[in-house]
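Source file: entry.cif; contents: mmCIF, C-alpha atoms and all ligand atoms.
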data_my_file
loop_
_atom_site.label_atom_id
_atom_site.label_comp_id
_atom_site.auth_asym_id
_atom_site.auth_seq_id
_atom_site.Cartn_x
_atom_site.Cartn_y
_atom_site.Cartn_z
CA MET A 1 110.54 111.10 131.62
CA LEU A 2 107.09 109.64 131.36
CA ARG A 3 106.55 106.53 133.44
CA GLU A 4 103.90 104.04 132.36
CA ALA A 5 102.41 104.13 135.86
CA ASN A 6 101.78 107.86 135.45
CA LEU A 7 99.58 107.24 132.45
CA SER A 8 96.74 106.23 134.74
CA LYS A 9 96.55 109.88 135.77
CA PHE A 10 95.89 110.90 132.18
CA VAL A 11 92.66 109.01 131.64
CA GLU A 12 89.53 109.25 133.79
CA PRO A 13 86.22 107.62 132.79
CA ASP A 14 84.71 110.90 131.53
CA ARG A 15 87.78 113.00 130.64
CA VAL A 16 91.41 112.75 129.51
CA ARG A 17 94.40 115.01 129.82
CA ARG A 18 95.31 117.04 126.75
CA GLN A 19 98.84 115.53 126.64
CA VAL A 20 97.29 112.27 125.47
CA TYR A 21 97.00 114.03 122.10
CA THR A 22 100.12 116.19 122.07
CA ASP A 23 102.98 114.51 123.94
CA PRO A 24 105.51 112.92 121.55
CA GLU A 25 106.57 110.46 124.24
CA ILE A 26 103.01 109.22 124.68
CA PHE A 27 102.80 108.91 120.89
CA GLU A 28 105.89 106.65 120.85
CA LEU A 29 104.39 104.51 123.62
CA GLU A 30 101.08 104.15 121.84
CA MET A 31 102.84 103.10 118.64
CA GLN A 32 104.68 100.39 120.63
CA ASN A 33 101.75 99.29 122.77
CA ILE A 34 98.86 99.67 120.35
CA HIS A 35 99.53 100.05 116.63
CA GLU A 36 102.57 97.76 116.52
CA LYS A 37 100.78 95.05 118.49
CA VAL A 38 97.15 94.80 117.47
CA TRP A 39 95.65 93.76 114.12
CA ILE A 40 96.08 96.59 111.61
CA TYR A 41 94.38 96.69 108.23
CA CYS A 42 96.87 96.24 105.40
CA GLY A 43 94.61 96.29 102.37
CA HIS A 44 92.25 94.21 100.29
CA GLU A 45 93.28 91.01 98.52
CA SER A 46 92.01 92.41 95.23
CA GLN A 47 94.73 95.10 95.36
CA ILE A 48 97.30 92.40 94.58
CA PRO A 49 95.65 89.87 92.26
CA LYS A 50 98.77 88.64 90.37
CA VAL A 51 101.89 86.86 91.60
CA GLY A 52 104.47 89.50 92.53
CA ASP A 53 101.92 92.31 92.98
CA TYR A 54 102.74 94.35 96.07
CA TRP A 55 101.38 97.33 97.95
CA THR A 56 103.33 99.27 100.58
CA LEU A 57 101.79 100.53 103.81
CA GLN A 58 102.58 101.77 107.27
CA ILE A 59 101.91 99.85 110.49
CA GLY A 60 102.68 102.08 113.45
CA ARG A 61 106.16 103.42 112.67
CA GLN A 62 107.08 100.46 110.45
CA PRO A 63 107.20 100.62 106.66
CA MET A 64 105.63 97.36 105.47
CA LEU A 65 104.53 95.75 102.23
CA MET A 66 101.99 93.12 101.33
CA VAL A 67 102.76 90.90 98.37
CA ARG A 68 101.13 88.03 96.46
CA GLY A 69 103.39 84.98 96.45
CA LYS A 70 103.74 82.18 93.90
CA ASP A 71 101.42 79.91 95.86
CA LYS A 72 98.85 82.76 95.75
CA GLN A 73 99.48 83.28 99.49
CA ILE A 74 99.63 86.86 100.75
CA HIS A 75 102.73 87.80 102.74
CA VAL A 76 103.28 90.93 104.81
CA LEU A 77 106.95 91.89 105.21
CA TYR A 78 108.97 94.77 106.60
CA ASN A 79 109.94 96.93 103.63
CA ARG A 80 113.62 96.67 104.44
CA CYS A 81 116.56 94.86 102.90
CA PRO A 82 118.45 92.75 105.47
CA HIS A 83 121.78 93.80 103.93
CA ARG A 84 122.21 97.48 104.63
CA GLY A 85 118.66 98.54 105.27
CA ASN A 86 117.53 99.83 101.89
CA MET A 87 113.78 99.95 101.46
CA MET A 88 112.95 97.07 99.14
CA CYS A 89 110.08 98.76 97.33
CA GLY A 90 110.32 102.49 96.80
CA ASP A 91 107.09 102.77 94.86
CA ARG A 92 103.71 102.80 96.54
CA HIS A 93 102.67 99.69 94.59
CA GLY A 94 103.68 97.61 91.59
CA ASN A 95 104.80 94.15 90.56
CA THR A 96 108.12 92.80 91.78
CA GLY A 97 108.26 89.94 89.26
CA GLU A 98 109.60 86.51 90.19
CA GLN A 99 111.36 87.84 93.29
CA PHE A 100 112.34 90.99 95.16
CA ARG A 101 115.64 92.40 93.98
CA CYS A 102 117.20 95.16 96.08
CA SER A 103 118.16 98.21 94.03
CA TYR A 104 121.37 98.74 96.03
CA HIS A 105 123.48 95.53 95.76
CA ALA A 106 121.06 93.13 94.06
CA TRP A 107 120.32 90.79 96.94
CA GLN A 108 117.26 88.80 95.93
CA PHE A 109 114.39 87.40 97.98
CA HIS A 110 111.43 85.09 97.51
CA HIS A 111 107.97 86.63 97.94
CA ASP A 112 107.78 85.19 101.45
CA GLY A 113 110.96 87.07 102.38
CA ARG A 114 113.42 84.14 102.28
CA LEU A 115 116.82 84.87 100.75
CA LYS A 116 117.09 83.65 97.17
CA GLN A 117 120.47 84.90 96.05
CA ILE A 118 123.35 87.24 96.84
CA PRO A 119 125.80 88.17 94.04
CA MET A 120 128.79 85.81 94.27
CA MET A 121 127.75 84.71 97.74
CA ASP A 122 130.13 81.74 98.03
CA SER A 123 133.29 83.73 97.45
CA GLY A 124 132.05 86.92 99.09
CA TYR A 125 130.98 85.34 102.37
CA ALA A 126 133.31 82.36 102.75
CA GLY A 127 134.57 82.21 106.34
CA THR A 128 132.22 84.98 107.59
CA ARG A 129 129.41 84.66 110.12
CA LEU A 130 126.92 84.47 107.24
CA ASN A 131 125.91 81.63 105.00
CA LYS A 132 122.83 81.18 102.83
CA ASP A 133 120.84 79.63 105.68
CA SER A 134 121.44 82.49 108.15
CA PRO A 135 118.01 83.75 109.30
CA GLU A 136 119.22 87.35 109.39
CA LEU A 137 119.56 87.22 105.61
CA SER A 138 115.80 87.01 105.13
CA MET A 139 113.39 89.92 104.94
CA LYS A 140 111.55 90.10 108.26
CA ARG A 141 107.92 89.03 108.17
CA ALA A 142 105.00 90.49 110.11
CA ALA A 143 104.52 88.18 113.09
CA ARG A 144 100.95 87.33 112.07
CA VAL A 145 98.85 87.78 108.92
CA GLU A 146 95.17 86.91 108.57
CA SER A 147 92.47 87.84 106.19
CA TYR A 148 88.69 88.00 106.58
CA ARG A 149 86.42 88.05 103.50
CA GLY A 150 89.25 89.56 101.47
CA PHE A 151 90.36 92.17 104.01
CA VAL A 152 94.00 91.57 105.01
CA PHE A 153 95.26 92.39 108.50
CA ALA A 154 98.69 91.99 110.12
CA SER A 155 99.89 92.08 113.69
CA LEU A 156 103.53 92.75 114.53
CA ALA A 157 103.18 90.92 117.86
CA PRO A 158 103.63 87.12 117.85
CA SER A 159 100.93 86.58 120.49
CA GLY A 160 97.53 88.03 121.29
CA PRO A 161 93.97 87.33 120.18
CA GLY A 162 93.43 86.01 116.65
CA LEU A 163 91.89 88.36 114.08
CA LYS A 164 88.31 87.14 114.53
CA GLU A 165 88.56 87.29 118.29
CA PHE A 166 90.05 90.79 118.09
CA LEU A 167 87.34 92.05 115.74
CA GLY A 168 84.56 90.56 117.85
CA LYS A 169 81.22 92.06 116.89
CA SER A 170 82.85 94.76 114.77
CA ILE A 171 83.33 91.97 112.21
CA VAL A 172 79.86 93.01 111.02
CA ALA A 173 81.63 95.79 109.06
CA PHE A 174 83.01 93.26 106.59
CA ASP A 175 80.00 90.96 106.60
CA ASP A 176 77.61 93.84 105.95
CA MET A 177 79.79 95.12 103.11
CA CYS A 178 80.28 91.74 101.40
CA ASP A 179 76.75 90.39 101.98
CA ARG A 180 75.34 93.33 100.02
CA ALA A 181 77.14 91.96 96.95
CA PRO A 182 75.16 89.42 94.92
CA GLU A 183 78.39 87.37 94.68
CA GLY A 184 79.16 87.80 98.39
CA GLU A 185 82.45 89.63 97.73
CA VAL A 186 83.71 93.13 97.11
CA GLU A 187 86.64 94.31 95.05
CA VAL A 188 88.69 97.39 95.62
CA VAL A 189 88.58 100.38 93.31
CA PRO A 190 92.27 100.33 92.71
CA ASN A 191 93.42 103.49 94.35
CA CYS A 192 92.45 105.66 97.28
CA PHE A 193 92.44 109.28 98.29
CA ARG A 194 95.14 110.18 100.78
CA VAL A 195 94.81 113.04 103.24
CA ILE A 196 97.36 114.13 105.82
CA GLN A 197 95.65 115.92 108.68
CA HIS A 198 97.61 118.12 111.03
CA SER A 199 96.41 116.52 114.22
CA ASN A 200 96.73 113.50 116.41
CA TRP A 201 95.20 110.26 115.05
CA LYS A 202 92.76 109.87 117.94
CA LEU A 203 90.89 113.03 116.93
CA PHE A 204 89.99 111.29 113.67
CA MET A 205 88.84 108.09 115.38
CA GLU A 206 86.71 109.98 117.90
CA ASN A 207 85.09 112.07 115.20
CA GLN A 208 83.98 109.06 113.18
CA ILE A 209 81.28 108.09 115.67
CA ASP A 210 80.63 111.57 117.03
CA ALA A 211 76.92 111.81 116.26
CA LEU A 212 76.68 115.29 117.75
CA HIS A 213 78.96 116.98 115.24
CA PRO A 214 77.43 116.34 111.77
CA SER A 215 74.47 118.68 112.09
CA VAL A 216 76.75 121.39 113.49
CA THR A 217 80.06 121.03 111.66
CA HIS A 218 78.45 120.16 108.32
CA GLN A 219 75.33 122.30 108.62
CA SER A 220 76.41 124.96 106.11
CA THR A 221 77.22 122.35 103.48
CA GLY A 222 73.95 120.56 104.20
CA ARG A 223 71.90 123.74 103.89
CA ALA A 224 73.42 124.69 100.54
CA ALA A 225 72.80 121.18 99.21
CA HIS A 226 69.25 121.24 100.55
CA ALA A 227 68.48 124.46 98.67
CA VAL A 228 69.74 122.96 95.41
CA GLU A 229 67.89 119.71 96.05
CA LYS A 230 64.59 121.56 96.48
CA GLU A 231 65.10 123.40 93.21
CA LEU A 232 65.86 120.13 91.42
CA GLU A 233 62.77 118.48 92.88
CA LYS A 234 60.58 121.27 91.53
CA LYS A 235 61.86 120.58 88.04
CA ALA A 236 62.01 116.79 88.34
CA LYS A 237 59.46 114.41 86.93
CA LYS A 238 57.26 112.63 89.45
CA GLY A 239 59.10 109.88 91.29
CA GLU A 240 62.60 111.18 90.49
CA THR A 241 64.93 111.83 93.41
CA ALA A 242 68.08 113.86 93.56
CA LEU A 243 69.82 111.18 95.57
CA LYS A 244 73.28 112.69 95.35
CA TYR A 245 72.17 116.00 96.81
CA HIS A 246 70.33 114.06 99.46
CA MET A 247 73.63 112.59 100.64
CA LEU A 248 74.70 116.14 101.47
CA SER A 249 71.40 117.76 102.44
CA ALA A 250 70.93 115.12 105.16
CA PHE A 251 73.64 116.91 107.12
CA ALA A 252 71.23 119.83 107.56
CA THR A 253 67.88 118.03 107.66
CA VAL A 254 68.97 115.39 110.20
CA THR A 255 69.14 117.69 113.22
CA ILE A 256 70.77 116.96 116.58
CA ASP A 257 67.56 115.64 118.13
CA LYS A 258 67.23 113.14 115.27
CA TRP A 259 70.79 111.94 115.79
CA ASP A 260 69.75 111.17 119.35
CA ASP A 261 67.38 108.55 117.92
CA PHE A 262 70.35 106.48 116.75
CA GLN A 263 72.43 104.37 119.07
CA THR A 264 76.09 103.67 119.61
CA ILE A 265 77.22 100.25 120.78
CA GLY A 266 80.75 99.97 122.14
CA TYR A 267 82.66 96.68 122.25
CA PRO A 268 85.91 95.48 123.82
CA HIS A 269 89.18 96.77 122.28
CA GLY A 270 87.58 100.19 121.56
CA HIS A 271 85.46 99.04 118.61
CA CYS A 272 82.06 100.65 118.11
CA VAL A 273 78.96 100.65 115.91
CA LEU A 274 76.72 103.61 115.13
CA THR A 275 73.28 102.39 114.11
CA GLY A 276 71.07 104.08 111.53
CA TYR A 277 70.92 103.11 107.91
CA MET A 278 71.57 105.83 105.38
CA GLY A 279 68.15 105.81 103.75
CA LEU A 280 69.45 104.18 100.63
CA ARG A 281 66.43 102.09 99.81
CA PRO A 282 64.58 104.50 97.59
CA GLN A 283 62.23 102.91 95.10
CA ASP A 284 64.10 104.18 92.06
CA PRO A 285 64.69 101.87 89.06
CA ASP A 286 68.38 101.31 89.96
CA THR A 287 67.55 100.10 93.45
CA LYS A 288 64.75 97.91 92.14
CA ALA A 289 67.08 96.29 89.58
CA TYR A 290 69.62 95.63 92.33
CA ASP A 291 66.98 94.19 94.65
CA LYS A 292 65.91 91.77 91.94
CA ILE A 293 69.45 90.45 91.45
CA MET A 294 69.92 90.12 95.20
CA ILE A 295 66.65 88.23 95.67
CA LYS A 296 67.71 85.85 92.89
CA ALA A 297 71.07 85.31 94.59
CA TYR A 298 69.89 84.95 98.20
CA GLY A 299 66.12 84.39 98.26
CA GLN A 300 63.61 86.89 99.65
CA LYS A 301 64.14 86.12 103.34
CA ARG A 302 67.93 86.39 103.36
CA PHE A 303 67.74 89.45 101.09
CA GLU A 304 65.54 91.27 103.62
CA GLU A 305 67.98 90.38 106.39
CA ILE A 306 70.95 91.67 104.41
CA VAL A 307 69.52 95.00 103.33
CA GLY A 308 67.86 95.45 106.71
CA VAL A 309 71.14 95.60 108.65
CA ASN A 310 70.89 98.80 110.63
CA ILE A 311 74.42 100.21 110.50
CA HIS A 312 75.70 103.64 109.66
CA HIS A 313 79.28 103.22 110.67
CA VAL A 314 81.65 100.71 112.27
CA LEU A 315 84.82 101.71 114.03
CA VAL A 316 87.55 99.08 114.28
CA TYR A 317 89.90 100.57 116.83
CA PRO A 318 92.60 101.84 116.48
CA GLY A 319 92.89 102.17 112.75
CA LEU A 320 89.76 101.67 110.70
CA SER A 321 86.47 103.39 110.06
CA VAL A 322 84.02 101.50 107.85
CA GLN A 323 80.77 102.68 106.26
CA SER A 324 79.62 99.27 105.13
CA PRO A 325 76.24 100.13 103.49
CA LEU A 326 78.09 102.37 101.05
CA GLN A 327 81.24 100.26 100.73
CA GLN A 328 83.56 102.95 102.10
CA LEU A 329 86.53 102.45 104.37
CA ARG A 330 89.09 104.77 105.89
CA ALA A 331 92.41 103.46 107.22
CA VAL A 332 94.27 105.61 109.72
CA ARG A 333 98.07 105.69 109.62
CA PRO A 334 99.59 107.84 112.37
CA LEU A 335 102.74 109.60 111.12
CA GLY A 336 103.63 111.59 114.21
CA VAL A 337 101.97 113.04 117.29
CA ASP A 338 100.45 115.83 115.16
CA ARG A 339 100.35 114.23 111.70
CA THR A 340 97.93 111.54 110.54
CA LEU A 341 97.49 109.99 107.14
CA THR A 342 94.10 108.65 106.21
CA GLU A 343 93.60 106.39 103.21
CA ILE A 344 90.06 106.68 101.87
CA TRP A 345 89.01 103.59 99.91
CA HIS A 346 85.80 102.38 98.34
CA PHE A 347 84.72 99.07 96.88
CA ARG A 348 82.50 97.54 94.23
CA LEU A 349 79.83 95.00 95.11
CA LYS A 350 80.62 92.04 92.87
CA GLY A 351 77.65 91.17 90.69
CA ALA A 352 75.73 94.42 91.40
CA PRO A 353 74.61 96.77 88.60
CA GLU A 354 76.93 99.61 87.61
CA ALA A 355 74.44 102.19 88.92
CA ILE A 356 74.87 100.89 92.46
CA TYR A 357 78.60 101.34 92.12
CA ARG A 358 78.06 104.90 90.84
CA ARG A 359 76.05 105.59 94.01
CA SER A 360 78.93 104.45 96.19
CA LEU A 361 81.29 106.54 94.07
CA ALA A 362 79.04 109.58 94.48
CA TYR A 363 79.13 109.25 98.25
CA TYR A 364 82.89 108.73 98.10
CA ASN A 365 83.35 111.93 96.12
CA LEU A 366 80.69 114.04 97.84
CA VAL A 367 81.24 113.10 101.47
CA ASN A 368 84.58 111.39 101.98
CA SER A 369 86.96 112.78 99.36
CA PRO A 370 89.46 115.58 100.04
CA ALA A 371 87.56 117.69 97.51
CA THR A 372 84.28 117.77 99.42
CA LEU A 373 83.27 120.45 101.90
CA ILE A 374 82.28 117.73 104.37
CA ASN A 375 85.82 116.44 104.67
CA ALA A 376 87.20 119.99 104.68
CA ASP A 377 84.87 120.89 107.59
CA ASP A 378 86.19 117.96 109.61
CA LEU A 379 89.82 118.64 108.71
CA GLU A 380 89.51 122.20 109.93
CA ASN A 381 88.15 120.97 113.28
CA PHE A 382 90.96 118.42 113.59
CA TRP A 383 93.60 121.07 113.07
CA LYS A 384 91.89 123.56 115.38
CA CYS A 385 91.49 120.92 118.11
CA HIS A 386 95.14 120.02 117.92
CA GLN A 387 96.12 123.70 118.13
CA GLY A 388 93.89 124.27 121.14
CA LEU A 389 95.10 121.12 122.88
CA SER A 390 98.72 122.21 122.37
CA SER A 391 98.01 125.39 124.34
CA ASP A 392 97.88 126.09 128.07
CA GLY A 393 94.22 127.07 127.74
CA GLY A 394 93.02 124.00 129.65
CA ASP A 395 94.16 120.63 130.97
CA TRP A 396 91.29 118.33 130.10
CA VAL A 397 89.27 117.03 127.17
CA SER A 398 85.70 116.26 128.25
CA PHE A 399 83.74 113.16 127.29
CA ALA A 400 80.99 113.72 129.87
CA ARG A 401 77.97 113.92 127.56
CA HIS A 402 75.40 111.43 128.95
CA PHE A 403 78.07 109.98 131.23
CA GLY A 404 76.52 107.67 133.82
CA HIS A 405 73.57 106.72 131.58
CA ASP A 406 75.24 104.14 129.34
CA ILE A 407 73.72 100.67 129.31
CA GLU A 408 76.29 98.03 130.21
CA THR A 409 75.81 94.37 129.39
CA PRO A 410 78.60 91.79 129.23
CA GLY A 411 80.91 92.84 126.39
CA GLU A 412 78.82 95.87 125.36
CA VAL A 413 78.34 99.48 126.40
CA SER A 414 75.45 101.14 124.56
CA SER A 415 74.18 104.66 124.60
CA ALA A 416 70.80 104.88 126.36
CA PRO A 417 67.57 105.37 124.34
CA LYS A 418 67.34 108.87 122.83
CA GLN A 419 71.00 109.47 123.70
CA GLY A 420 72.66 108.67 120.37
CA THR A 421 74.85 111.76 120.73
CA SER A 422 76.34 110.35 123.92
CA GLU A 423 80.12 110.49 124.18
CA ALA A 424 80.03 106.79 125.12
CA PRO A 425 82.13 105.82 122.03
CA MET A 426 84.96 108.17 123.06
CA ARG A 427 84.85 106.84 126.62
CA ASN A 428 84.99 103.31 125.22
CA GLN A 429 87.98 104.15 123.01
CA MET A 430 89.89 105.77 125.85
CA LYS A 431 89.13 102.83 128.13
CA ALA A 432 90.69 100.49 125.56
CA TRP A 433 93.57 102.95 125.05
CA ALA A 434 94.37 102.95 128.77
CA GLU A 435 94.28 99.14 128.88
CA TYR A 436 96.63 98.88 125.91
CA MET A 437 98.98 101.48 127.35
CA ARG A 438 99.24 99.57 130.60
CA GLY A 439 100.57 96.73 128.43
S1 LIG B 501 121.07 97.20 100.84
FE1 LIG B 501 119.94 95.74 99.77
S2 LIG B 501 121.39 94.62 98.68
FE2 LIG B 501 122.54 96.04 99.80
FE FE B 502 82.25 115.05 110.04
#

This entry written out as structure tokens:
Amino acid sequence: MLREANLSKFVEPDRVRRQVYTDPEIFELEMQNIHEKVWIYCGHESQIPKVGDYWTLQIGRQPMLMVRGKDKQIHVLYNRCPHRGNMMCGDRHGNTGEQFRCSYHAWQFHHDGRLKQIPMMDSGYAGTRLNKDSPELSMKRAARVESYRGFVFASLAPSGPGLKEFLGKSIVAFDDMCDRAPEGEVEVVPNCFRVIQHSNWKLFMENQIDALHPSVTHQSTGRAAHAVEKELEKKAKKGETALKYHMLSAFATVTIDKWDDFQTIGYPHGHCVLTGYMGLRPQDPDTKAYDKIMIKAYGQKRFEEIVGVNIHHVLVYPGLSVQSPLQQLRAVRPLGVDRTLTEIWHFRLKGAPEAIYRRSLAYYNLVNSPATLINADDLENFWKCHQGLSSDGGDWVSFARHFGHDIETPGEVSSAPKQGTSEAPMRNQMKAWAEYMRG
């Protein structure tokens, strides 16, 4: 039996024991102490625009749903009927109409979870412990729900930091994404890719800000794209760029030493930023048209600030990876110690030209979708890591790269200059993990 006190032996500042990734008991504890306590991303408000619209999701081990109520409020409820436990919504998403109505015995509920009606309640429940005001006849609500710039989060713990306090400086993920829209808002493209990887969830989170891996893991894809890109450039008219191939070829042309020029900045709660903008300010006509609309909306000075934000990636620990300059977001839903669902979403900048959306879509398809070689490369590593960690071939996972060189200031741990491939982000995540696991 694993004792919480023993967990301290599993995490050292520069290495962790392999069981952290493979032990089902540790997985149960981290669901209780992390995912079912902290703020977890539910979805975007634009997924449920009309009254009765709902979307189901997983928080830790709990099946949940978010729904738009009559007062336009968004509610997050456990997807469970208080009668005999039937899941209220069996579909991934839809519209529940004026109320929820359970498919088993027709108990009905308001959108905020309160009981509305039970068939022949007065005669059926006369003299029992239950009457229409009994709290156990309502659908259970998430303890806390908050939304920031359209992004809805829930926490299943009644106390703890508020959403903004929890996000801290990682809030830049949502500001950077929304500020790039001339109307200051994004809207979801109404479905996502879903991938189930055969590995522990932490392998995904660590990989997201692992600046050492892209030029190795994705080199073959990058090289092939680079060859095609060069051919296209030969044929292209002056000034034309093969931007889509560039999204892939960068994986070969940005070599390890160049990744060292970027920087990672770790924050409390395991959050982290990887700097480095994705070179998406080419002077092509689409970008120029977009710039013009943005300058009209914000003025030159604010426009320069917005498009000058130097972010490649933001990690909101433990469940979200955001690429704000390209309006991409991946939500991590652990399913078991060796199974992890990722939802891969992208968004439209409200008020931006269609071509800018197509660019985001191209990145979504070429880099983040299950169909791309980039994602396949990562998935293979995730599976192979989990296999290796399940073996007796070694006890430790090392995060020692540039250990001892990080720059610590109050509330921040940054990689040192020219050490962008430092494993500082993994150390920061595991530090937060250990704090959460101590309760
Ligand atoms: S289980 Fe829902 S009404 Fe019976
Ligand atoms: Fe990768």

Would you mind listing what lies within 12 Å of Arg144 of chain A as a PDB file with C-alpha atoms, keeping the file's coordinate frame, with only C-alpha atoms counted and same-chain residues fewer than 5 positions away left out?
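Result file follows (selection02.pdb):
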ATOM      1  CA  GLU A  36     102.570  97.760 116.520  1.00  0.00           C
ATOM      2  CA  LYS A  37     100.780  95.050 118.490  1.00  0.00           C
ATOM      3  CA  VAL A  38      97.150  94.800 117.470  1.00  0.00           C
ATOM      4  CA  TRP A  39      95.650  93.760 114.120  1.00  0.00           C
ATOM      5  CA  ILE A  40      96.080  96.590 111.610  1.00  0.00           C
ATOM      6  CA  CYS A  42      96.870  96.240 105.400  1.00  0.00           C
ATOM      7  CA  ILE A  74      99.630  86.860 100.750  1.00  0.00           C
ATOM      8  CA  HIS A  75     102.730  87.800 102.740  1.00  0.00           C
ATOM      9  CA  VAL A  76     103.280  90.930 104.810  1.00  0.00           C
ATOM     10  CA  LEU A  77     106.950  91.890 105.210  1.00  0.00           C
ATOM     11  CA  VAL A 152      94.000  91.570 105.010  1.00  0.00           C
ATOM     12  CA  PHE A 153      95.260  92.390 108.500  1.00  0.00           C
ATOM     13  CA  ALA A 154      98.690  91.990 110.120  1.00  0.00           C
ATOM     14  CA  SER A 155      99.890  92.080 113.690  1.00  0.00           C
ATOM     15  CA  LEU A 156     103.530  92.750 114.530  1.00  0.00           C
ATOM     16  CA  ALA A 157     103.180  90.920 117.860  1.00  0.00           C
ATOM     17  CA  PRO A 158     103.630  87.120 117.850  1.00  0.00           C
ATOM     18  CA  SER A 159     100.930  86.580 120.490  1.00  0.00           C
ATOM     19  CA  GLY A 160      97.530  88.030 121.290  1.00  0.00           C
ATOM     20  CA  PRO A 161      93.970  87.330 120.180  1.00  0.00           C
ATOM     21  CA  GLY A 162      93.430  86.010 116.650  1.00  0.00           C
ATOM     22  CA  LEU A 163      91.890  88.360 114.080  1.00  0.00           C
TER      23      LEU A 163
END

Hey, can you check how far atom CA of Leu29 of chain A sits from atom CA of Phe403 of chain A? 27.9 Å

Box along x, y and z, 6 Å on every side, all listed atoms of ligand LIG 501 (chain B) inside: centre and edge lengths in Å to one decimal, as JSON.
{"center_x": 121.2, "center_y": 95.9, "center_z": 99.8, "size_x": 14.6, "size_y": 14.6, "size_z": 14.2}

For Met139 of chain A: contacts at 8 Å, all atoms listed in the file, fewer than 4 positions along chain excluded, given as a list of chain:residue names: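 Surrounding residues, per the criterion: A:Leu77, A:Tyr78, A:Asn79, A:Arg80, A:Cys81, A:Pro82, A:Phe109, A:Gly113, A:Arg114, A:Leu115.
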
What are the closest atom pairs, with distances in Å to one decimal, for each residue of chain A lying within 8 Å of ligand LIG 501 (chain B), using all atoms listed in the file, rows by chain and rising residue number, as a tab-separated table?
residue	atom	partner	partner_atom	distance
A:Arg80	CA	B:LIG501	FE1	7.9
A:Cys81	CA	B:LIG501	FE1	4.7
A:Pro82	CA	B:LIG501	FE1	6.6
A:His83	CA	B:LIG501	S1	4.6
A:Arg84	CA	B:LIG501	S1	4.0
A:Gly85	CA	B:LIG501	S1	5.2
A:Asn86	CA	B:LIG501	S1	4.5
A:Met87	CA	B:LIG501	FE1	7.7
A:Met88	CA	B:LIG501	FE1	7.1
A:Arg101	CA	B:LIG501	S2	7.8
A:Cys102	CA	B:LIG501	FE1	4.6
A:Ser103	CA	B:LIG501	FE1	6.5
A:Tyr104	CA	B:LIG501	FE2	4.8
A:His105	CA	B:LIG501	S2	3.7
A:Ala106	CA	B:LIG501	S2	4.9
A:Trp107	CA	B:LIG501	S2	4.3
A:Gln108	CA	B:LIG501	S2	7.6
A:Ile118	CA	B:LIG501	S2	7.9

Store the residues picked out above, limited to C-alpha atoms, as an mmCIF file, in the coordinates of the input.
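Once everything was written out, this is selection_38.cif:
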data_model
loop_
_atom_site.group_PDB
_atom_site.id
_atom_site.type_symbol
_atom_site.label_atom_id
_atom_site.label_comp_id
_atom_site.auth_asym_id
_atom_site.auth_seq_id
_atom_site.Cartn_x
_atom_site.Cartn_y
_atom_site.Cartn_z
ATOM 1 C CA ARG A 80 113.620 96.670 104.440
ATOM 2 C CA CYS A 81 116.560 94.860 102.900
ATOM 3 C CA PRO A 82 118.450 92.750 105.470
ATOM 4 C CA HIS A 83 121.780 93.800 103.930
ATOM 5 C CA ARG A 84 122.210 97.480 104.630
ATOM 6 C CA GLY A 85 118.660 98.540 105.270
ATOM 7 C CA ASN A 86 117.530 99.830 101.890
ATOM 8 C CA MET A 87 113.780 99.950 101.460
ATOM 9 C CA MET A 88 112.950 97.070 99.140
ATOM 10 C CA ARG A 101 115.640 92.400 93.980
ATOM 11 C CA CYS A 102 117.200 95.160 96.080
ATOM 12 C CA SER A 103 118.160 98.210 94.030
ATOM 13 C CA TYR A 104 121.370 98.740 96.030
ATOM 14 C CA HIS A 105 123.480 95.530 95.760
ATOM 15 C CA ALA A 106 121.060 93.130 94.060
ATOM 16 C CA TRP A 107 120.320 90.790 96.940
ATOM 17 C CA GLN A 108 117.260 88.800 95.930
ATOM 18 C CA ILE A 118 123.350 87.240 96.840
#

Contact check, chain A to ligand FE 502 (chain B), at most 12 Å, counting all atoms listed in the file, closest pairs as CSV:
residue,atom,partner,partner_atom,distance
A:Leu203,CA,B:FE502,FE,11.2
A:Phe204,CA,B:FE502,FE,9.3
A:Met205,CA,B:FE502,FE,11.0
A:Glu206,CA,B:FE502,FE,10.4
A:Asn207,CA,B:FE502,FE,6.6
A:Gln208,CA,B:FE502,FE,7.0
A:Ile209,CA,B:FE502,FE,9.0
A:Asp210,CA,B:FE502,FE,8.0
A:Ala211,CA,B:FE502,FE,8.8
A:Leu212,CA,B:FE502,FE,9.5
A:His213,CA,B:FE502,FE,6.4
A:Pro214,CA,B:FE502,FE,5.3
A:Ser215,CA,B:FE502,FE,8.8
A:Val216,CA,B:FE502,FE,9.1
A:Thr217,CA,B:FE502,FE,6.6
A:His218,CA,B:FE502,FE,6.6
A:Gln219,CA,B:FE502,FE,10.1
A:Thr221,CA,B:FE502,FE,11.0
A:Gly222,CA,B:FE502,FE,11.5
A:Leu248,CA,B:FE502,FE,11.5
A:Phe251,CA,B:FE502,FE,9.3
A:Val367,CA,B:FE502,FE,8.8
A:Asn368,CA,B:FE502,FE,9.2
A:Ser369,CA,B:FE502,FE,11.9
A:Thr372,CA,B:FE502,FE,11.1
A:Leu373,CA,B:FE502,FE,9.8
A:Ile374,CA,B:FE502,FE,6.3
A:Asn375,CA,B:FE502,FE,6.6
A:Ala376,CA,B:FE502,FE,8.8
A:Asp377,CA,B:FE502,FE,6.9
A:Asp378,CA,B:FE502,FE,4.9
A:Leu379,CA,B:FE502,FE,8.5
A:Glu380,CA,B:FE502,FE,10.2
A:Asn381,CA,B:FE502,FE,9.0
A:Phe382,CA,B:FE502,FE,10.0

Under the rule that only C-alpha atoms are counted, which of A:Lys202, A:His44, A:Arg17, A:Arg129 is the nearest residue to Asp338 of chain A?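 Residue with the minimum atom-to-atom distance to Asp338 of chain A: A:Lys202.
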